[in-house]
Structure formats: C-alpha cells, structure tokens
$ cat protein18.cif   # mmCIF, C-alpha atoms
data_work
#
loop_
_atom_site.group_PDB
_atom_site.id
_atom_site.type_symbol
_atom_site.label_atom_id
_atom_site.label_comp_id
_atom_site.auth_asym_id
_atom_site.auth_seq_id
_atom_site.Cartn_x
_atom_site.Cartn_y
_atom_site.Cartn_z
ATOM 1 C CA MET P 1 -35.305 -13.901 -41.182
ATOM 2 C CA LEU P 2 -34.827 -10.220 -40.319
ATOM 3 C CA GLU P 3 -38.178 -10.188 -38.532
ATOM 4 C CA ARG P 4 -36.679 -12.411 -35.844
ATOM 5 C CA PHE P 5 -34.311 -9.557 -34.966
ATOM 6 C CA GLY P 6 -37.037 -6.909 -34.824
ATOM 7 C CA TYR P 7 -36.826 -5.494 -38.364
ATOM 8 C CA ARG P 8 -40.045 -4.957 -40.370
ATOM 9 C CA CYS P 9 -40.806 -3.311 -43.693
ATOM 10 C CA ARG P 10 -42.122 0.249 -43.863
ATOM 11 C CA ASP P 11 -45.691 -1.008 -44.370
ATOM 12 C CA ALA P 12 -45.368 -2.956 -41.089
ATOM 13 C CA SER P 13 -45.649 -6.304 -42.889
ATOM 14 C CA PRO P 14 -43.035 -8.959 -42.276
ATOM 15 C CA CYS P 15 -39.933 -8.577 -44.426
ATOM 16 C CA THR P 16 -39.390 -10.848 -47.402
ATOM 17 C CA PRO P 17 -36.392 -11.259 -49.679
ATOM 18 C CA ARG P 18 -38.044 -8.786 -52.101
ATOM 19 C CA CYS P 19 -38.236 -5.997 -49.483
ATOM 20 C CA ALA P 20 -36.039 -2.927 -49.780
ATOM 21 C CA PRO P 21 -32.786 -3.068 -47.760
ATOM 22 C CA ILE P 22 -32.541 -1.273 -44.439
ATOM 23 C CA GLU P 23 -31.472 2.316 -44.926
ATOM 24 C CA ARG P 24 -27.991 3.080 -43.628
ATOM 25 C CA ASN P 25 -29.099 6.039 -41.509
ATOM 26 C CA GLN P 26 -31.345 3.705 -39.517
ATOM 27 C CA ILE P 27 -28.403 1.637 -38.260
ATOM 28 C CA PRO P 28 -27.196 2.527 -34.748
ATOM 29 C CA ARG P 29 -23.853 4.323 -34.745
ATOM 30 C CA GLY P 30 -21.946 1.545 -33.006
ATOM 31 C CA ALA P 31 -23.446 -1.095 -35.261
ATOM 32 C CA GLU P 32 -22.493 0.892 -38.363
ATOM 33 C CA ALA P 33 -18.874 1.030 -37.217
ATOM 34 C CA ALA P 34 -18.902 -2.674 -36.546
ATOM 35 C CA MET P 35 -20.160 -3.395 -40.061
ATOM 36 C CA THR P 36 -17.402 -1.495 -41.890
ATOM 37 C CA PRO P 37 -14.760 -3.601 -43.646
ATOM 38 C CA GLU P 38 -12.049 -1.924 -41.551
ATOM 39 C CA ALA P 39 -13.753 -2.898 -38.280
ATOM 40 C CA GLU P 40 -14.309 -6.433 -39.484
ATOM 41 C CA ASN P 41 -10.562 -6.788 -40.096
ATOM 42 C CA VAL P 42 -9.533 -5.577 -36.624
ATOM 43 C CA THR P 43 -8.284 -8.394 -34.424
ATOM 44 C CA LEU P 44 -8.532 -8.776 -30.677
ATOM 45 C CA GLU P 45 -4.782 -8.254 -30.421
ATOM 46 C CA ASP P 46 -5.096 -4.975 -32.360
ATOM 47 C CA LEU P 47 -7.663 -3.730 -29.862
ATOM 48 C CA ARG P 48 -5.588 -4.842 -26.901
ATOM 49 C CA ARG P 49 -2.564 -3.011 -28.272
ATOM 50 C CA ARG P 50 -4.662 0.116 -28.608
ATOM 51 C CA LEU P 51 -5.845 -0.196 -25.004
ATOM 52 C CA THR P 52 -2.240 -0.626 -23.880
ATOM 53 C CA ASP P 53 -1.284 2.572 -25.719
ATOM 54 C CA ILE P 54 -4.152 4.427 -24.057
ATOM 55 C CA ASP P 55 -3.118 3.089 -20.640
ATOM 56 C CA ARG P 56 0.426 4.343 -21.189
ATOM 57 C CA GLN P 57 -0.883 7.755 -22.160
ATOM 58 C CA LEU P 58 -2.940 7.837 -18.968
ATOM 59 C CA ILE P 59 0.124 6.992 -16.870
ATOM 60 C CA ALA P 60 2.114 9.699 -18.643
ATOM 61 C CA LEU P 61 -0.618 12.218 -17.831
ATOM 62 C CA VAL P 62 -0.657 11.117 -14.180
ATOM 63 C CA ALA P 63 3.123 11.629 -14.039
ATOM 64 C CA GLU P 64 2.694 15.081 -15.569
ATOM 65 C CA ARG P 65 -0.010 15.881 -13.019
ATOM 66 C CA LYS P 66 2.318 14.788 -10.215
ATOM 67 C CA ALA P 67 5.037 17.126 -11.481
ATOM 68 C CA VAL P 68 2.572 20.020 -11.531
ATOM 69 C CA SER P 69 1.502 19.102 -7.976
ATOM 70 C CA GLU P 70 5.099 19.515 -6.834
ATOM 71 C CA GLU P 71 5.111 23.004 -8.331
ATOM 72 C CA VAL P 72 1.804 23.751 -6.612
ATOM 73 C CA ALA P 73 3.375 22.705 -3.299
ATOM 74 C CA ARG P 74 6.311 25.037 -3.904
ATOM 75 C CA VAL P 75 4.047 27.997 -4.680
ATOM 76 C CA LYS P 76 1.847 27.295 -1.653
ATOM 77 C CA ARG P 77 4.876 27.230 0.639
ATOM 78 C CA ALA P 78 6.200 30.454 -0.858
ATOM 79 C CA THR P 79 2.868 32.231 -0.423
ATOM 80 C CA GLY P 80 1.985 30.714 2.945
ATOM 81 C CA LYS P 81 -1.128 28.972 1.664
ATOM 82 C CA PRO P 82 -2.355 25.744 3.303
ATOM 83 C CA THR P 83 -1.715 22.475 1.508
ATOM 84 C CA ARG P 84 -5.368 21.488 1.363
ATOM 85 C CA ASP P 85 -8.077 23.594 -0.273
ATOM 86 C CA TYR P 86 -11.473 21.924 0.117
ATOM 87 C CA GLY P 87 -13.192 24.475 -2.112
ATOM 88 C CA ARG P 88 -10.807 23.724 -4.952
ATOM 89 C CA GLU P 89 -11.269 19.971 -4.472
ATOM 90 C CA ARG P 90 -15.048 20.351 -4.754
ATOM 91 C CA GLU P 91 -14.645 22.442 -7.891
ATOM 92 C CA VAL P 92 -12.391 19.824 -9.510
ATOM 93 C CA ILE P 93 -14.725 16.931 -8.669
ATOM 94 C CA LEU P 94 -17.860 18.708 -9.897
ATOM 95 C CA GLY P 95 -16.071 19.665 -13.106
ATOM 96 C CA ALA P 96 -14.998 16.064 -13.648
ATOM 97 C CA ARG P 97 -18.535 14.767 -13.124
ATOM 98 C CA GLU P 98 -19.909 17.283 -15.611
ATOM 99 C CA ALA P 99 -17.258 16.488 -18.224
ATOM 100 C CA ALA P 100 -17.861 12.763 -17.765
ATOM 101 C CA ALA P 101 -21.614 13.106 -18.259
ATOM 102 C CA GLU P 102 -21.042 15.039 -21.497
ATOM 103 C CA ARG P 103 -18.935 12.172 -22.835
ATOM 104 C CA GLY P 104 -21.157 9.328 -21.764
ATOM 105 C CA VAL P 105 -18.868 8.283 -18.917
ATOM 106 C CA SER P 106 -20.203 7.479 -15.467
ATOM 107 C CA PRO P 107 -19.919 10.615 -13.275
ATOM 108 C CA ALA P 108 -19.390 8.342 -10.261
ATOM 109 C CA LEU P 109 -16.409 6.731 -11.990
ATOM 110 C CA ALA P 110 -14.995 10.150 -12.845
ATOM 111 C CA GLU P 111 -15.383 11.299 -9.240
ATOM 112 C CA GLU P 112 -13.685 8.184 -7.883
ATOM 113 C CA LEU P 113 -10.790 8.653 -10.300
ATOM 114 C CA LEU P 114 -10.390 12.338 -9.433
ATOM 115 C CA ARG P 115 -10.486 11.626 -5.711
ATOM 116 C CA LEU P 116 -7.606 9.182 -6.181
ATOM 117 C CA LEU P 117 -5.656 11.778 -8.160
ATOM 118 C CA ILE P 118 -6.379 14.496 -5.596
ATOM 119 C CA ARG P 119 -5.218 12.198 -2.817
ATOM 120 C CA SER P 120 -2.024 11.478 -4.738
ATOM 121 C CA SER P 121 -1.523 15.201 -5.326
ATOM 122 C CA LEU P 122 -2.013 16.008 -1.644
ATOM 123 C CA THR P 123 0.420 13.257 -0.669
ATOM 124 C CA THR P 124 3.008 14.730 -3.040
ATOM 125 C CA GLN P 125 2.456 18.221 -1.644
ATOM 126 C CA GLU P 126 2.554 17.074 1.977
ATOM 127 C CA GLN P 127 5.765 15.104 1.483
ATOM 128 C CA ALA P 128 7.343 18.058 -0.312
ATOM 129 C CA SER P 129 6.363 20.311 2.590
ATOM 130 C CA VAL P 130 7.877 17.929 5.148
ATOM 131 C CA ILE P 131 11.126 17.722 3.192
ATOM 132 C CA ALA P 132 11.272 21.475 2.624
ATOM 133 C CA ARG P 133 10.888 22.237 6.317
ATOM 134 C CA GLY P 134 13.915 20.070 7.042
ATOM 135 C CA THR P 135 13.378 20.344 10.797
ATOM 136 C CA GLY P 136 15.626 17.361 11.445
ATOM 137 C CA SER P 137 18.670 18.632 9.601
ATOM 138 C CA GLY P 138 21.760 18.059 11.736
ATOM 139 C CA ARG P 139 19.818 16.137 14.377
ATOM 140 C CA ARG P 140 19.693 12.474 15.326
ATOM 141 C CA ALA P 141 16.789 10.146 16.008
ATOM 142 C CA LEU P 142 16.761 6.619 17.400
ATOM 143 C CA VAL P 143 13.801 4.368 16.638
ATOM 144 C CA ILE P 144 13.699 1.419 19.009
ATOM 145 C CA GLY P 145 11.693 -1.240 17.208
ATOM 146 C CA GLY P 146 12.336 0.435 13.866
ATOM 147 C CA ALA P 147 12.173 -2.822 11.909
ATOM 148 C CA GLY P 148 8.467 -3.275 12.638
ATOM 149 C CA LYS P 149 5.718 -1.867 10.463
ATOM 150 C CA MET P 150 4.965 1.228 12.516
ATOM 151 C CA GLY P 151 8.611 1.653 13.398
ATOM 152 C CA SER P 152 9.531 1.581 9.704
ATOM 153 C CA TRP P 153 6.898 4.232 9.017
ATOM 154 C CA PHE P 154 8.518 6.542 11.559
ATOM 155 C CA VAL P 155 11.997 5.791 10.215
ATOM 156 C CA SER P 156 10.906 7.036 6.787
ATOM 157 C CA PHE P 157 8.977 9.952 8.279
ATOM 158 C CA LEU P 158 11.937 11.172 10.323
ATOM 159 C CA ALA P 159 14.420 10.621 7.504
ATOM 160 C CA SER P 160 12.244 12.718 5.178
ATOM 161 C CA GLN P 161 12.634 15.601 7.636
ATOM 162 C CA GLY P 162 16.399 15.383 7.470
ATOM 163 C CA PHE P 163 17.074 13.466 10.666
ATOM 164 C CA THR P 164 19.968 11.048 10.821
ATOM 165 C CA VAL P 165 17.975 7.989 11.829
ATOM 166 C CA GLU P 166 19.273 4.898 13.577
ATOM 167 C CA VAL P 167 17.334 1.738 14.340
ATOM 168 C CA ALA P 168 17.644 -0.491 17.383
ATOM 169 C CA ASP P 169 15.984 -3.796 16.617
ATOM 170 C CA PRO P 170 17.057 -7.465 16.556
ATOM 171 C CA ALA P 171 15.405 -7.762 13.135
ATOM 172 C CA ALA P 172 16.750 -6.220 9.936
ATOM 173 C CA ALA P 173 16.269 -2.467 9.615
ATOM 174 C CA PRO P 174 14.919 -0.723 6.515
ATOM 175 C CA GLU P 175 17.521 -0.698 3.756
ATOM 176 C CA GLY P 176 20.222 1.927 4.141
ATOM 177 C CA VAL P 177 19.453 2.697 7.801
ATOM 178 C CA PRO P 178 22.142 2.043 10.443
ATOM 179 C CA ARG P 179 21.046 -0.637 12.905
ATOM 180 C CA VAL P 180 22.080 -2.113 16.216
ATOM 181 C CA ALA P 181 20.427 -5.158 17.716
ATOM 182 C CA ASP P 182 20.268 -3.719 21.249
ATOM 183 C CA TRP P 183 19.440 -0.072 21.982
ATOM 184 C CA ARG P 184 21.642 -0.205 25.082
ATOM 185 C CA SER P 185 24.713 -0.360 22.852
ATOM 186 C CA THR P 186 24.066 3.164 21.505
ATOM 187 C CA ASP P 187 25.281 6.394 23.098
ATOM 188 C CA LEU P 188 21.661 7.564 23.602
ATOM 189 C CA LYS P 189 22.684 11.117 22.702
ATOM 190 C CA HIS P 190 19.882 11.434 20.183
ATOM 191 C CA ASP P 191 17.566 14.405 19.864
ATOM 192 C CA TYR P 192 14.610 12.019 19.717
ATOM 193 C CA ILE P 193 14.207 8.488 21.035
ATOM 194 C CA LEU P 194 11.047 6.852 19.768
ATOM 195 C CA LEU P 195 9.701 3.519 20.970
ATOM 196 C CA ALA P 196 7.736 1.489 18.410
ATOM 197 C CA THR P 197 8.203 -1.790 20.239
ATOM 198 C CA PRO P 198 5.644 -4.496 21.079
ATOM 199 C CA LEU P 199 3.463 -3.400 23.977
ATOM 200 C CA GLY P 200 4.634 -6.276 26.159
ATOM 201 C CA ILE P 201 8.225 -5.017 26.342
ATOM 202 C CA THR P 202 7.764 -1.260 25.989
ATOM 203 C CA ASP P 203 7.229 -0.530 29.680
ATOM 204 C CA ALA P 204 10.436 -2.323 30.669
ATOM 205 C CA ILE P 205 12.409 -0.346 28.071
ATOM 206 C CA LEU P 206 10.911 2.924 29.311
ATOM 207 C CA ARG P 207 11.943 2.134 32.890
ATOM 208 C CA ASP P 208 15.431 1.147 31.769
ATOM 209 C CA LEU P 209 15.738 4.395 29.813
ATOM 210 C CA ALA P 210 14.723 6.336 32.923
ATOM 211 C CA LEU P 211 17.756 4.987 34.775
ATOM 212 C CA ARG P 212 20.046 6.129 31.941
ATOM 213 C CA ARG P 213 18.481 9.602 31.634
ATOM 214 C CA PRO P 214 19.024 10.342 27.929
ATOM 215 C CA PRO P 215 19.086 14.087 27.148
ATOM 216 C CA GLY P 216 16.731 13.927 24.152
ATOM 217 C CA VAL P 217 12.962 13.770 23.841
ATOM 218 C CA ILE P 218 11.538 10.311 24.524
ATOM 219 C CA PHE P 219 8.115 9.111 23.445
ATOM 220 C CA ASP P 220 6.285 5.906 22.650
ATOM 221 C CA VAL P 221 3.700 5.339 19.921
ATOM 222 C CA GLY P 222 1.737 2.599 21.666
ATOM 223 C CA SER P 223 -1.996 2.297 21.095
ATOM 224 C CA LEU P 224 -2.614 1.584 24.796
ATOM 225 C CA LYS P 225 -1.150 3.780 27.510
ATOM 226 C CA SER P 226 -2.207 2.189 30.797
ATOM 227 C CA PRO P 227 0.310 -0.710 30.478
ATOM 228 C CA LEU P 228 3.060 1.907 30.017
ATOM 229 C CA ARG P 229 2.152 4.103 32.952
ATOM 230 C CA ALA P 230 4.934 2.906 35.272
ATOM 231 C CA GLY P 231 7.642 3.400 32.660
ATOM 232 C CA LEU P 232 6.376 6.820 31.590
ATOM 233 C CA MET P 233 6.130 7.989 35.203
ATOM 234 C CA ALA P 234 9.647 6.694 35.885
ATOM 235 C CA LEU P 235 10.997 8.816 33.040
ATOM 236 C CA ARG P 236 9.158 11.854 34.355
ATOM 237 C CA SER P 237 10.384 11.356 37.915
ATOM 238 C CA HIS P 238 13.968 11.083 36.656
ATOM 239 C CA GLY P 239 13.668 14.443 34.919
ATOM 240 C CA CYS P 240 13.611 13.109 31.363
ATOM 241 C CA LYS P 241 11.914 14.924 28.490
ATOM 242 C CA VAL P 242 9.077 12.480 28.048
ATOM 243 C CA THR P 243 5.716 12.528 26.350
ATOM 244 C CA SER P 244 3.497 9.939 24.692
ATOM 245 C CA VAL P 245 2.017 9.841 21.206
ATOM 246 C CA HIS P 246 -0.829 7.813 19.740
ATOM 247 C CA PRO P 247 -0.934 7.927 15.915
ATOM 248 C CA MET P 248 -4.516 7.222 14.861
ATOM 249 C CA PHE P 249 -3.441 5.621 11.602
ATOM 250 C CA GLY P 250 -1.685 2.511 10.364
ATOM 251 C CA PRO P 251 1.714 1.885 8.778
ATOM 252 C CA ASP P 252 0.291 1.908 5.240
ATOM 253 C CA THR P 253 -0.734 5.554 5.556
ATOM 254 C CA GLU P 254 0.881 7.968 3.103
ATOM 255 C CA LEU P 255 -1.293 11.059 3.462
ATOM 256 C CA LEU P 256 -1.920 12.422 6.958
ATOM 257 C CA SER P 257 -4.674 14.808 5.920
ATOM 258 C CA GLY P 258 -7.793 13.875 7.858
ATOM 259 C CA ARG P 259 -5.785 11.663 10.221
ATOM 260 C CA HIS P 260 -5.391 12.337 13.908
ATOM 261 C CA VAL P 261 -2.391 12.190 16.201
ATOM 262 C CA VAL P 262 -3.048 12.187 19.943
ATOM 263 C CA PHE P 263 -0.390 13.765 22.162
ATOM 264 C CA VAL P 264 -0.383 12.861 25.851
ATOM 265 C CA ASP P 265 0.853 15.620 28.145
ATOM 266 C CA LEU P 266 2.987 14.099 30.892
ATOM 267 C CA GLY P 267 3.900 17.429 32.428
ATOM 268 C CA ASN P 268 6.944 18.199 30.304
ATOM 269 C CA ALA P 269 6.040 21.104 28.026
ATOM 270 C CA PRO P 270 9.268 21.077 25.950
ATOM 271 C CA ALA P 271 8.850 17.364 25.193
ATOM 272 C CA LEU P 272 5.223 17.840 24.189
ATOM 273 C CA ALA P 273 6.107 20.778 21.939
ATOM 274 C CA ALA P 274 8.965 18.827 20.350
ATOM 275 C CA ALA P 275 6.677 15.887 19.550
ATOM 276 C CA ARG P 276 4.109 18.229 18.016
ATOM 277 C CA GLU P 277 6.846 19.872 15.967
ATOM 278 C CA LEU P 278 7.469 16.609 14.128
ATOM 279 C CA PHE P 279 3.959 16.654 12.679
ATOM 280 C CA ALA P 280 3.721 20.409 12.088
ATOM 281 C CA PRO P 281 4.584 20.200 8.351
ATOM 282 C CA THR P 282 1.838 17.621 7.765
ATOM 283 C CA MET P 283 -1.935 18.029 7.523
ATOM 284 C CA ALA P 284 -2.647 15.774 10.509
#

$ encode --input "protein18.cif" --output "structure tokens"
Amino acid sequence: MLERFGYRCRDASPCTPRCAPIERNQIPRGAEAAMTPEAENVTLEDLRRRLTDIDRQLIALVAERKAVSEEVARVKRATGKPTRDYGREREVILGAREAAAERGVSPALAEELLRLLIRSSLTTQEQASVIARGTGSGRRALVIGGAGKMGSWFVSFLASQGFTVEVADPAAAPEGVPRVADWRSTDLKHDYILLATPLGITDAILRDLALRRPPGVIFDVGSLKSPLRAGLMALRSHGCKVTSVHPMFGPDTELLSGRHVVFVDLGNAPALAAARELFAPTMA
C-alpha cells in the first residue's frame, strides 16, 4: 500500500506489513505537523480565526507605520529635507526582498507590498506638508463645477491648504462645502476662481467672467485648451489675472509625486506664479 505513495523499504524492495515503520526524521516538516494530534483537532474555523487575528495585527502595524510617517514629515519640514528620498526607497525595497527570501516568502510579493506602503507613507507626508504650509489661510476660493469629479478633487485640495472654499454647481457639492447653483450669484471677490466645468460650457463662462472682471486669479483645468482660447483671451484683454492649468492626473489621485501639472502662460506673470504656488507644497 505504501509503495503506491513512493515509500520503499531500506533494501529497496516493496514494503510489506512486516517492514519497519518509516522513521520520524524522514517525514517532511509540514507533514509531521499535520500528523500531530493537535493539528488533527484544528478546525477550519480555528484557522480562519487565526488568519483574522494576523490580519488585524497587520492593520495595526500599518497604522503605526502611518503615524511614524507623519513624524517623518514633520522632521523633514523642520530640517528642509525633500519629501521623497529615492535612495531610501531603494534601500527599503531591497531590504524587504532580502528578508522575504530568508523566510521563504516571494521577494516580488514583498516588493509589491512595500511599494504600496511607501506610496501610502509619501501620501501622508505630502498631505501633511500641504496642510502645514497653510497657504490658503484667510483666503477664499470659488470652484465653478465643484460637484464634478475633478472639481471635487480641487475642493479638497484647496481646503487642505486652508482656503475657505465655495462651490458653484447645480449639483450637490461635497459635504460641508457652501454651494450656490449659479456662480453669478456670488460676489466674485475670491482670491482664486477655478473652472472645473464641462468643456462645452467653459468658454462661455470664461467670457462672461471677463465682462465682470473679478479681482482674483482665474484659471481653468480643462484637458483641451483650443476650445477655450476665445474666453481666455477675453479675460486677458480685460486685464484679469488669468492663466490656464492642465493637471496630468485623474480625480482618484492621492499622491502627486511623479505626476505632472502643465501651466499655460497667458502673459500674466502674477497669475501664473499664483497657480504654481498652489502646487508648491506637493511633489508634482
């Protein structure tokens, strides 16, 4: 019977009931554990509970790592160090791969996990830097189209910098943000007016804004600029502080490291500088 599973006696002849039993030190480690009475009594639910406990420990460690990342961000700001350190990232990843190999874990899995944790850490540090700079404290921003996906991203981004943000959009604004359905009902005395509206109506809004000559910086975040040319030129000709911005990322983006933001110079240096200032605390 045992011969069917690859076991033979020491003299290489097929095993019989009279043969000596297999020596315990010849049993693979995992098989030995499985054959113990304790292992035989473990139920599937017992194992699942153990996995759940391990998962909770992992989450607790991730939370602890996040807290340390916040401290790292504070120290970096205090010492003037950049948020991202590629040399340190490489060191962490190589160390994780080595430790994984020593424990029989896939180095590729370890690297993927560490890259996720590093990304989370960088996001924490970047957000802390944006908040700490507080460049919007005491200033107002109006996001026209702030209920859309990209508009909502900018609402959160500006609010994190300390701006008092208002939304002009027929649809519901993000929770807790003041909203009006029509931007023309506001006083337009905002430090920034940002257009995150559908491309088909943005040009008309730009031209209408030009006639009202708001004192603040005005910019759109449209992905195409040629359809907006008339409106942008109208703002410039009316002496408004206008520029144009093209974020090369989507509304699900949390970390701006490695992302690009294109700034279009429309001949108004203060407006261009003010738009750049918004992204200065980030790693874009």

$ closest_residue --input "protein18.cif" --among "P:Val217, P:Ala67, P:Ile118, P:Ile201" --to "Arg140 of chain P" --atoms "all atoms listed in the file"
P:Val217

$ resolve_selection --input "protein18.cif" --expression "the PyMOL selection byres ((chain P and resi 163) around 8)" --output "number ranges by chain"
P: 135-141, 158-162, 164-165

$ closest_atom_pairs --input "protein18.cif" --of "segment 139-179 of chain P" --to "segment 220-229 of chain P" --cutoff "10 Å" --atoms "only C-alpha atoms" --output "CSV"
residue,atom,partner,partner_atom,distance
P:Val143,CA,P:Asp220,CA,9.7
P:Ile144,CA,P:Asp220,CA,9.4
P:Met150,CA,P:Val221,CA,8.6
P:Gly151,CA,P:Val221,CA,9.0
P:Phe154,CA,P:Val221,CA,9.7

$ atom_distance --input "protein18.cif" --atom1 "atom CA of Glu102 of chain P" --atom2 "atom CA of Ile59 of chain P"
23.1 Å

$ resolve_selection --input "protein18.cif" --expression "the PyMOL selection byres ((chain P and resi 108-114) around 10)" --output "PyMOL selection string"
chain P and resi 89+92-101+105-107+115-120

$ residues_around --input "protein18.cif" --residues "Ser244 of chain P" --least-positions-apart "6" --cutoff "12 Å" --atoms "all atoms listed in the file" --output "MDAnalysis selection string"
chainID P and resid 193:196 206 217:226 228:229 231:233 235:236 261:269 271:276

$ atom_distance --input "protein18.cif" --atom1 "atom CA of Ile131 of chain P" --atom2 "atom CA of Met248 of chain P"
22.2 Å

$ atom_distance --input "protein18.cif" --atom1 "atom CA of Val177 of chain P" --atom2 "atom CA of Gly148 of chain P"
13.4 Å

$ closest_residue --input "protein18.cif" --among "P:Gly145, P:Val68, P:Gly134, P:Val75" --to "Leu199 of chain P" --atoms "all atoms listed in the file"
P:Gly145

$ closest_residue --input "protein18.cif" --among "P:Asp46, P:Asp252, P:Glu71, P:Asp208" --to "His238 of chain P" --atoms "only C-alpha atoms"
P:Asp208

$ residues_around --input "protein18.cif" --residues "segment 279-281 of chain P" --least-positions-apart "3" --cutoff "8 Å" --atoms "all atoms listed in the file" --output "JSON list (two decimals) with C-alpha atoms, in the frame of the given file"
[["chain", "number", "residue", "atom", "x", "y", "z"],
["P", 126, "GLU", "CA", 2.55, 17.07, 1.98],
["P", 129, "SER", "CA", 6.36, 20.31, 2.59],
["P", 130, "VAL", "CA", 7.88, 17.93, 5.15],
["P", 133, "ARG", "CA", 10.89, 22.24, 6.32],
["P", 275, "ALA", "CA", 6.68, 15.89, 19.55],
["P", 276, "ARG", "CA", 4.11, 18.23, 18.02],
["P", 284, "ALA", "CA", -2.65, 15.77, 10.51]]

$ residues_around --input "protein18.cif" --residues "Arg259 of chain P" --least-positions-apart "3" --cutoff "12 Å" --atoms "all atoms listed in the file" --output "PyMOL selection string"
chain P and resi 246-250+253-256+262+279+282-284

$ closest_residue --input "protein18.cif" --among "P:Tyr86, P:Asp182, P:Gly104, P:Ser69" --to "Ala128 of chain P" --atoms "all atoms listed in the file"
P:Ser69

$ axis_aligned_box --input "protein18.cif" --around "segment 116-125 of chain P" --padding-each-side "4 Å" --output "lines of an AutoDock Vina configuration file"
center_x = -2.3
center_y = 13.7
center_z = -4.4
size_x = 18.6
size_y = 17.0
size_z = 15.5

$ decode --input "protein18.cif" --residues "segment 159-198 of chain P" --atoms "C-alpha atoms" --output "tab-separated table (two decimals), in the first residue's frame"
chain	number	residue	atom	x	y	z
P	159	ALA	CA	-9.50	73.15	1.63
P	160	SER	CA	-6.45	71.20	2.83
P	161	GLN	CA	-4.38	74.35	2.28
P	162	GLY	CA	-6.67	76.38	4.50
P	163	PHE	CA	-8.76	78.11	1.85
P	164	THR	CA	-12.39	78.88	2.54
P	165	VAL	CA	-13.84	77.05	-0.44
P	166	GLU	CA	-17.19	77.66	-2.07
P	167	VAL	CA	-18.74	75.65	-4.88
P	168	ALA	CA	-20.88	76.93	-7.73
P	169	ASP	CA	-22.65	73.98	-9.31
P	170	PRO	CA	-26.29	72.99	-9.95
P	171	ALA	CA	-25.47	69.56	-8.49
P	172	ALA	CA	-24.83	68.86	-4.82
P	173	ALA	CA	-21.44	69.99	-3.52
P	174	PRO	CA	-19.12	67.85	-1.40
P	175	GLU	CA	-20.45	67.54	2.14
P	176	GLY	CA	-19.81	70.54	4.35
P	177	VAL	CA	-18.89	72.90	1.49
P	178	PRO	CA	-21.04	76.00	0.86
P	179	ARG	CA	-22.74	75.85	-2.53
P	180	VAL	CA	-24.66	78.07	-4.90
P	181	ALA	CA	-26.31	76.78	-8.04
P	182	ASP	CA	-25.17	79.70	-10.21
P	183	TRP	CA	-21.72	81.29	-9.93
P	184	ARG	CA	-23.19	84.64	-10.99
P	185	SER	CA	-24.95	84.88	-7.63
P	186	THR	CA	-21.62	85.12	-5.76
P	187	ASP	CA	-19.69	88.32	-5.08
P	188	LEU	CA	-16.71	87.02	-7.12
P	189	LYS	CA	-14.31	88.56	-4.60
P	190	HIS	CA	-12.38	85.33	-4.25
P	191	ASP	CA	-8.61	85.03	-4.29
P	192	TYR	CA	-8.92	82.14	-6.74
P	193	ILE	CA	-11.67	81.26	-9.20
P	194	LEU	CA	-11.20	77.81	-10.67
P	195	LEU	CA	-13.25	76.38	-13.52
P	196	ALA	CA	-13.73	72.60	-13.50
P	197	THR	CA	-16.77	72.69	-15.74
P	198	PRO	CA	-17.61	70.56	-18.80
